[in-house]
Structures are given as structure tokens and as C-alpha cells.
>>> print(open('work04.cif').read())   # mmCIF, C-alpha atoms and all ligand atoms
data_model
#
loop_
_atom_site.label_atom_id
_atom_site.label_comp_id
_atom_site.auth_asym_id
_atom_site.auth_seq_id
_atom_site.Cartn_x
_atom_site.Cartn_y
_atom_site.Cartn_z
CA MET A 1 -15.62 6.00 6.06
CA ALA A 2 -14.24 3.62 3.41
CA LEU A 3 -10.53 2.90 3.71
CA SER A 4 -9.71 4.03 0.16
CA LYS A 5 -11.38 7.42 0.76
CA SER A 6 -9.57 7.84 4.09
CA LEU A 7 -6.24 7.04 2.47
CA GLU A 8 -6.90 9.42 -0.46
CA GLU A 9 -7.69 12.19 2.02
CA LEU A 10 -4.53 11.40 3.96
CA CYS A 11 -2.46 11.66 0.77
CA GLN A 12 -3.87 15.16 0.27
CA LYS A 13 -3.18 16.01 3.91
CA ALA A 14 0.40 14.74 3.52
CA ILE A 15 0.96 17.19 0.66
CA LYS A 16 -0.43 20.03 2.79
CA LEU A 17 1.92 19.04 5.61
CA GLY A 18 4.96 19.18 3.34
CA ALA A 19 5.32 15.93 1.37
CA ALA A 20 6.16 16.39 -2.31
CA GLU A 21 4.28 13.20 -3.31
CA ALA A 22 2.10 10.61 -1.59
CA LYS A 23 0.98 7.26 -3.03
CA ILE A 24 -1.20 4.46 -1.71
CA ILE A 25 0.66 1.14 -1.96
CA LYS A 26 0.06 -2.47 -0.98
CA ALA A 27 1.86 -3.60 2.18
CA ASN A 28 2.99 -6.61 0.13
CA ASP A 29 5.04 -4.26 -2.04
CA ILE A 30 7.19 -3.05 0.88
CA VAL A 31 10.57 -4.70 0.42
CA VAL A 32 12.48 -5.86 3.54
CA ARG A 33 16.10 -7.07 3.27
CA ASP A 34 18.38 -8.42 5.97
CA TRP A 35 21.37 -6.38 4.73
CA VAL A 36 19.72 -2.97 5.20
CA ARG A 37 20.79 -2.74 8.85
CA LEU A 38 24.43 -3.09 7.80
CA LYS A 39 24.04 0.37 6.27
CA CYS A 40 22.89 1.70 9.64
CA GLN A 41 25.65 -0.10 11.55
CA TYR A 42 28.50 0.84 9.22
CA GLY A 43 27.23 3.99 7.53
CA CYS A 44 25.44 6.09 10.13
CA SER A 45 27.06 8.02 12.97
CA GLU A 46 23.80 7.73 14.96
CA TYR A 47 23.83 3.91 15.08
CA GLY A 48 22.90 2.78 18.60
CA LYS A 49 22.28 6.34 19.78
CA ARG A 50 18.48 6.58 19.39
CA LEU A 51 15.71 4.34 20.70
CA THR A 52 14.18 4.44 17.23
CA CYS A 53 17.33 3.03 15.59
CA PRO A 54 19.03 -0.36 15.54
CA PRO A 55 19.89 -2.26 17.63
CA TYR A 56 16.77 -1.10 19.58
CA SER A 57 14.35 -1.24 16.63
CA PRO A 58 12.74 -4.52 15.48
CA THR A 59 14.83 -6.76 13.24
CA PRO A 60 14.02 -7.33 9.55
CA GLU A 61 12.65 -10.75 10.53
CA GLN A 62 10.25 -9.14 13.00
CA MET A 63 9.34 -6.50 10.42
CA ARG A 64 8.30 -9.16 7.90
CA LYS A 65 5.89 -10.54 10.51
CA ILE A 66 4.63 -7.05 11.35
CA LEU A 67 3.98 -6.29 7.67
CA SER A 68 2.04 -9.51 7.21
CA GLY A 69 -0.60 -7.92 9.47
CA TYR A 70 -1.13 -4.99 7.06
CA SER A 71 -2.64 -4.71 3.59
CA SER A 72 -2.39 -0.99 2.77
CA ALA A 73 0.09 1.82 3.29
CA ILE A 74 0.96 5.30 2.05
CA LEU A 75 4.47 6.03 0.80
CA LEU A 76 5.57 9.67 1.03
CA ARG A 77 8.37 11.49 -0.75
CA PHE A 78 9.96 14.66 0.61
CA GLU A 79 12.36 17.07 -1.05
CA PRO A 80 16.00 17.11 0.20
CA THR A 81 15.36 20.41 2.00
CA TRP A 82 12.58 18.92 4.16
CA LYS A 83 13.69 18.60 7.77
CA ASN A 84 11.13 16.68 9.80
CA VAL A 85 9.55 13.62 8.21
CA HIS A 86 8.91 12.27 11.74
CA ARG A 87 6.45 15.01 12.61
CA VAL A 88 4.48 14.51 9.37
CA VAL A 89 4.14 10.73 9.67
CA ALA A 90 3.17 11.05 13.35
CA GLU A 91 0.45 13.54 12.44
CA LEU A 92 -0.85 11.38 9.58
CA GLU A 93 -0.88 8.39 11.92
CA ARG A 94 -3.05 10.34 14.36
CA GLY A 95 -5.35 11.31 11.51
CA LEU A 96 -6.04 7.67 10.68
CA LEU A 97 -6.18 6.27 14.22
CA SER A 98 -9.85 6.93 14.94
CA GLY A 99 -11.03 4.68 12.11
CA TYR A 100 -8.00 2.40 11.72
CA TYR A 101 -6.23 1.91 15.01
CA SER A 102 -3.45 -0.20 13.47
CA ALA A 103 -2.02 2.94 11.81
CA PHE A 104 1.72 3.37 12.35
CA GLY A 105 4.15 5.83 10.81
CA LEU A 106 7.77 5.28 9.82
CA ALA A 107 10.09 8.13 9.01
CA SER A 108 13.55 8.66 7.62
CA GLY A 109 16.83 8.94 9.52
CA PRO A 110 17.46 9.21 13.28
CA CYS A 111 14.82 10.60 15.64
CA PRO A 112 15.39 14.40 15.78
CA PHE A 113 13.51 15.33 18.94
CA CYS A 114 16.21 15.28 21.65
CA LYS A 115 19.78 16.49 21.49
CA LYS A 116 20.79 13.27 23.23
CA CYS A 117 18.46 10.25 23.42
CA ASN A 118 18.24 8.79 26.94
CA LEU A 119 18.09 5.25 25.43
CA ARG A 120 15.65 4.13 28.18
CA ASN A 121 12.22 5.74 28.08
CA CYS A 122 11.17 7.84 25.13
CA ILE A 123 10.11 11.31 26.27
CA HIS A 124 8.18 12.11 23.05
CA PRO A 125 6.40 8.84 22.27
CA GLU A 126 3.69 10.73 20.38
CA LEU A 127 6.28 11.95 17.87
CA ALA A 128 9.24 9.57 17.85
CA ARG A 129 8.92 7.12 15.00
CA PRO A 130 11.57 4.77 13.62
CA SER A 131 12.98 5.19 10.17
CA MET A 132 12.01 2.74 7.42
CA GLU A 133 15.63 1.61 7.12
CA ALA A 134 15.87 0.96 10.88
CA TYR A 135 13.29 -1.81 10.35
CA GLY A 136 15.16 -3.30 7.39
CA ILE A 137 13.01 -1.74 4.67
CA ASP A 138 14.85 -1.39 1.36
CA VAL A 139 13.68 2.16 0.65
CA TYR A 140 15.15 2.23 -2.86
CA ALA A 141 13.40 -0.94 -3.99
CA THR A 142 10.13 0.01 -2.30
CA ALA A 143 10.13 3.54 -3.73
CA ARG A 144 11.07 2.41 -7.25
CA GLY A 145 8.42 -0.31 -7.13
CA ALA A 146 5.85 2.39 -6.37
CA GLY A 147 6.99 4.46 -9.35
CA PHE A 148 9.12 7.06 -7.54
CA THR A 149 12.46 8.17 -8.97
CA ILE A 150 15.29 7.73 -6.48
CA GLU A 151 19.03 7.70 -7.07
CA VAL A 152 21.67 6.22 -4.77
CA VAL A 153 23.53 8.86 -2.77
CA ARG A 154 27.26 8.09 -2.65
CA THR A 155 28.76 11.10 -0.91
CA ARG A 156 27.68 13.46 1.87
CA LYS A 157 27.68 16.32 -0.66
CA GLU A 158 24.84 14.73 -2.64
CA LYS A 159 21.34 15.57 -1.43
CA PRO A 160 19.03 12.61 -0.77
CA LYS A 161 15.28 12.52 -1.22
CA TYR A 162 13.53 11.52 1.99
CA PHE A 163 10.75 8.98 2.28
CA GLY A 164 8.19 8.22 4.95
CA LEU A 165 5.64 5.44 5.27
CA LEU A 166 2.26 5.17 6.92
CA LEU A 167 1.18 1.59 7.58
CA ALA A 168 -2.61 1.78 7.52
CA ILE A 169 -4.48 -1.47 8.04
S1 LIG B 1 12.11 11.54 21.31
FE1 LIG B 1 14.05 11.68 22.43
S2 LIG B 1 13.96 9.94 23.88
FE2 LIG B 1 12.45 9.51 22.26
S3 LIG B 1 13.56 8.28 20.72
FE3 LIG B 1 13.66 10.42 20.09
S4 LIG B 1 15.63 11.13 20.87
FE4 LIG B 1 15.10 9.25 22.04
#
>>> encode(input="work04.cif", output="C-alpha cells")
Amino acid sequence: MALSKSLEELCQKAIKLGAAEAKIIKANDIVVRDWVRLKCQYGCSEYGKRLTCPPYSPTPEQMRKILSGYSSAILLRFEPTWKNVHRVVAELERGLLSGYYSAFGLASGPCPFCKKCNLRNCIHPELARPSMEAYGIDVYATARGAGFTIEVVRTRKEKPKYFGLLLAI
């Protein structure tokens, strides 16, 4: 099946699985910045507590190299009430794997599957996916570049929109 048709179908599947919006984007349009991990290190109570998070996740420098091996991706937006972006991107990844084995999903926030991560061997490798920000992706710039509306959240009372990403091929 042609890639564009597969990706269009996956966008529809993403909506069925709970995404509010799904858009096909170029991998070139994914913005990676070195400062993003500062926000994990000095803004997130889960820093260093999940295998999917820094300092265990690849650095922004490694992510730039990883992205150079991709041309297409799907960016997903979820409403603030949505709880499990990880499960959706893992399922979409599986949906693309048979035709495009380079498929890889990235989620939002710390991995939610264990109360306490063992920080050695992941016990749910089929579901655990890193967040976009853990890899140094500037989610705001990437989402705005793709035409999504996203405002900066400044307090814990404000509700963020969540984003996920499926790297396709
Ligand atoms: S599934 Fe469990 S072991 Fe694997 S990264 Fe997530 S929290 Fe850690």
C-alpha cells in the first residue's frame, strides 16, 4: 500500500483511538532544541525516574541523527482530559509496522505503566514509549509549525494539550 494512503488511514485510526486531531508532517519539520531537556531536569518531578525519560533517553544530538533517517511522521493532538497518549502511539506504531518497519511512536510525559519504574529492564516494552520532549523535541514549535494551536502552560492549574508523534519512514 502507498505510504500516503497508509498514513491517511492511520490518521483516521488515531481519531478513533482518542486523538482530537492528526496531521501528516515532514520529519524535517520536527524541531529539536538542546534546551528542551532543561525543562525535564528542572521542571518535572519524574526526571530520572523512568527509563523513557532523560537522562536515559537519547540526547537532542542523537535525536537529530535519528530524525535524519525519516521523511514522514504523524503529529497527534489530544485534549487535556486524555490520559494515555502512550497506548495510542504504541498501537499506531504496530499498525504501520508490517509495511514500514521503521515506525516508532513518541508520547507525552512520563511513562505511565508502572507505579515505580525499575530503571533497568522495561517490563512493558510493547507499550513504553518516550515523550517527544524527552528526546529534545520542541513540541510548541513543532505543533505550531504544523498549524496546531498551543499555548504555553505556566501553572499547574492550567490544562495542557497533549501531543504524540508517530515517526513513519
Ligand atoms: S513500562 Fe514500567 S519499566 Fe518500562 S519504562 Fe515504563 S515505568 Fe519503566
>>> closest_residue(input="work04.cif", among="A:Val36, A:Val89, A:Cys114, A:Ala103", to="A:Arg77", atoms="all atoms listed in the file")
A:Val89
>>> axis_aligned_box(input="work04.cif", around="ligand LIG 1 (chain B)", padding_each_side="4 Å", output="AutoDock Vina command-line options")
--center_x 13.9 --center_y 10.0 --center_z 22.0 --size_x 11.5 --size_y 11.4 --size_z 11.8
>>> residues_around(input="work04.cif", residues="A:Cys44", least_positions_apart="2", cutoff="12 Å", atoms="all atoms listed in the file", output="count of residues only")
19
>>> residues_around(input="work04.cif", residues="stretch 71-75 of chain A", least_positions_apart="2", cutoff="8 Å", atoms="all atoms listed in the file", output="list in words")
Leu7, Cys11, Ala22, Lys23, Ile24, Ile25, Lys26, Ala27, Asn28, Leu67, Ser68, Gly69, Arg77, Ala143, Phe163, Gly164, Leu165, Leu166, Leu167, Ala168 and Ile169 of chain A
>>> residues_near_ligand(input="work04.cif", ligand="ligand LIG 1 (chain B)", cutoff="9 Å", atoms="only C-alpha atoms and all ligand atoms", output="ChimeraX atom specification")
/A:49-53,110-130
>>> write_last_selection(input="work04.cif", atoms="C-alpha atoms", output="PDB file, in the frame of the given file")
ATOM      1  CA  LYS A  49      22.280   6.340  19.780  1.00  0.00           C
ATOM      2  CA  ARG A  50      18.480   6.580  19.390  1.00  0.00           C
ATOM      3  CA  LEU A  51      15.710   4.340  20.700  1.00  0.00           C
ATOM      4  CA  THR A  52      14.180   4.440  17.230  1.00  0.00           C
ATOM      5  CA  CYS A  53      17.330   3.030  15.590  1.00  0.00           C
ATOM      6  CA  PRO A 110      17.460   9.210  13.280  1.00  0.00           C
ATOM      7  CA  CYS A 111      14.820  10.600  15.640  1.00  0.00           C
ATOM      8  CA  PRO A 112      15.390  14.400  15.780  1.00  0.00           C
ATOM      9  CA  PHE A 113      13.510  15.330  18.940  1.00  0.00           C
ATOM     10  CA  CYS A 114      16.210  15.280  21.650  1.00  0.00           C
ATOM     11  CA  LYS A 115      19.780  16.490  21.490  1.00  0.00           C
ATOM     12  CA  LYS A 116      20.790  13.270  23.230  1.00  0.00           C
ATOM     13  CA  CYS A 117      18.460  10.250  23.420  1.00  0.00           C
ATOM     14  CA  ASN A 118      18.240   8.790  26.940  1.00  0.00           C
ATOM     15  CA  LEU A 119      18.090   5.250  25.430  1.00  0.00           C
ATOM     16  CA  ARG A 120      15.650   4.130  28.180  1.00  0.00           C
ATOM     17  CA  ASN A 121      12.220   5.740  28.080  1.00  0.00           C
ATOM     18  CA  CYS A 122      11.170   7.840  25.130  1.00  0.00           C
ATOM     19  CA  ILE A 123      10.110  11.310  26.270  1.00  0.00           C
ATOM     20  CA  HIS A 124       8.180  12.110  23.050  1.00  0.00           C
ATOM     21  CA  PRO A 125       6.400   8.840  22.270  1.00  0.00           C
ATOM     22  CA  GLU A 126       3.690  10.730  20.380  1.00  0.00           C
ATOM     23  CA  LEU A 127       6.280  11.950  17.870  1.00  0.00           C
ATOM     24  CA  ALA A 128       9.240   9.570  17.850  1.00  0.00           C
ATOM     25  CA  ARG A 129       8.920   7.120  15.000  1.00  0.00           C
ATOM     26  CA  PRO A 130      11.570   4.770  13.620  1.00  0.00           C
TER      27      PRO A 130
END
>>> atom_distance(input="work04.cif", atom1="atom CA of A:Tyr162", atom2="atom CA of A:Gly99")
27.4 Å
>>> atom_distance(input="work04.cif", atom1="atom CA of A:Glu9", atom2="atom CA of A:Thr81")
24.5 Å
>>> residues_near_point(input="work04.cif", point="(6.7, -4.1, 5.6)", cutoff="7 Å", atoms="all atoms listed in the file", output="MDAnalysis selection string")
chainID A and resid 27 30:32 63:64 66:67 137
>>> closest_residue(input="work04.cif", among="A:Trp35, A:Trp82, A:Phe148, A:Tyr140", to="A:Glu61", atoms="only C-alpha atoms")
A:Trp35
>>> decode(input="work04.cif", residues="stretch 40-67 of chain A", atoms="N, CA and C atoms", output="tab-separated table (two decimals), in the first residue's frame")
chain	number	residue	atom	x	y	z
A	40	CYS	N	12.82	19.26	31.42
A	40	CYS	CA	12.63	17.98	32.12
A	40	CYS	C	13.40	18.00	33.43
A	41	GLN	N	14.66	18.42	33.36
A	41	GLN	CA	15.55	18.33	34.53
A	41	GLN	C	15.11	19.25	35.66
A	42	TYR	N	14.61	20.43	35.30
A	42	TYR	CA	14.28	21.43	36.33
A	42	TYR	C	12.80	21.77	36.37
A	43	GLY	N	11.96	20.96	35.71
A	43	GLY	CA	10.53	21.28	35.76
A	43	GLY	C	9.65	20.08	35.97
A	44	CYS	N	10.25	18.87	35.98
A	44	CYS	CA	9.42	17.67	36.08
A	44	CYS	C	9.86	16.82	37.26
A	45	SER	N	8.90	16.46	38.09
A	45	SER	CA	9.22	15.65	39.29
A	45	SER	C	9.60	14.23	38.92
A	46	GLU	N	9.38	13.81	37.67
A	46	GLU	CA	9.69	12.44	37.24
A	46	GLU	C	11.07	12.35	36.57
A	47	TYR	N	11.80	13.45	36.55
A	47	TYR	CA	13.13	13.42	35.90
A	47	TYR	C	13.99	12.30	36.52
A	48	GLY	N	14.56	11.46	35.65
A	48	GLY	CA	15.45	10.39	36.12
A	48	GLY	C	14.73	9.22	36.76
A	49	LYS	N	13.39	9.20	36.71
A	49	LYS	CA	12.66	8.13	37.39
A	49	LYS	C	12.03	7.12	36.44
A	50	ARG	N	12.17	7.34	35.14
A	50	ARG	CA	11.56	6.44	34.14
A	50	ARG	C	12.58	6.16	33.05
A	51	LEU	N	12.63	4.92	32.58
A	51	LEU	CA	13.58	4.58	31.51
A	51	LEU	C	13.33	5.37	30.24
A	52	THR	N	12.09	5.84	30.09
A	52	THR	CA	11.74	6.58	28.88
A	52	THR	C	12.11	8.06	28.96
A	53	CYS	N	12.60	8.49	30.11
A	53	CYS	CA	12.89	9.92	30.33
A	53	CYS	C	14.40	10.18	30.37
A	54	PRO	N	14.81	11.45	30.24
A	54	PRO	CA	16.21	11.77	30.49
A	54	PRO	C	16.57	11.44	31.93
A	55	PRO	N	17.79	11.07	32.26
A	55	PRO	CA	18.93	11.03	31.35
A	55	PRO	C	19.06	9.73	30.56
A	56	TYR	N	18.04	8.83	30.64
A	56	TYR	CA	18.13	7.53	29.94
A	56	TYR	C	17.80	7.66	28.45
A	57	SER	N	16.97	8.61	28.09
A	57	SER	CA	16.56	8.74	26.68
A	57	SER	C	17.68	9.37	25.85
A	58	PRO	N	17.66	9.16	24.53
A	58	PRO	CA	18.68	9.75	23.66
A	58	PRO	C	18.74	11.27	23.79
A	59	THR	N	19.92	11.81	23.58
A	59	THR	CA	20.12	13.26	23.68
A	59	THR	C	19.54	13.96	22.44
A	60	PRO	N	19.36	15.28	22.51
A	60	PRO	CA	18.92	16.01	21.31
A	60	PRO	C	19.86	15.78	20.12
A	61	GLU	N	21.15	15.69	20.39
A	61	GLU	CA	22.11	15.45	19.29
A	61	GLU	C	21.83	14.10	18.62
A	62	GLN	N	21.59	13.08	19.44
A	62	GLN	CA	21.26	11.77	18.87
A	62	GLN	C	19.93	11.82	18.14
A	63	MET	N	18.99	12.60	18.67
A	63	MET	CA	17.66	12.67	18.04
A	63	MET	C	17.74	13.31	16.66
A	64	ARG	N	18.61	14.30	16.51
A	64	ARG	CA	18.76	14.92	15.18
A	64	ARG	C	19.23	13.87	14.17
A	65	LYS	N	20.14	13.02	14.60
A	65	LYS	CA	20.63	11.95	13.70
A	65	LYS	C	19.51	10.95	13.42
A	66	ILE	N	18.76	10.61	14.46
A	66	ILE	CA	17.64	9.66	14.27
A	66	ILE	C	16.65	10.23	13.26
A	67	LEU	N	16.31	11.50	13.42
A	67	LEU	CA	15.30	12.11	12.53
A	67	LEU	C	15.79	12.20	11.08
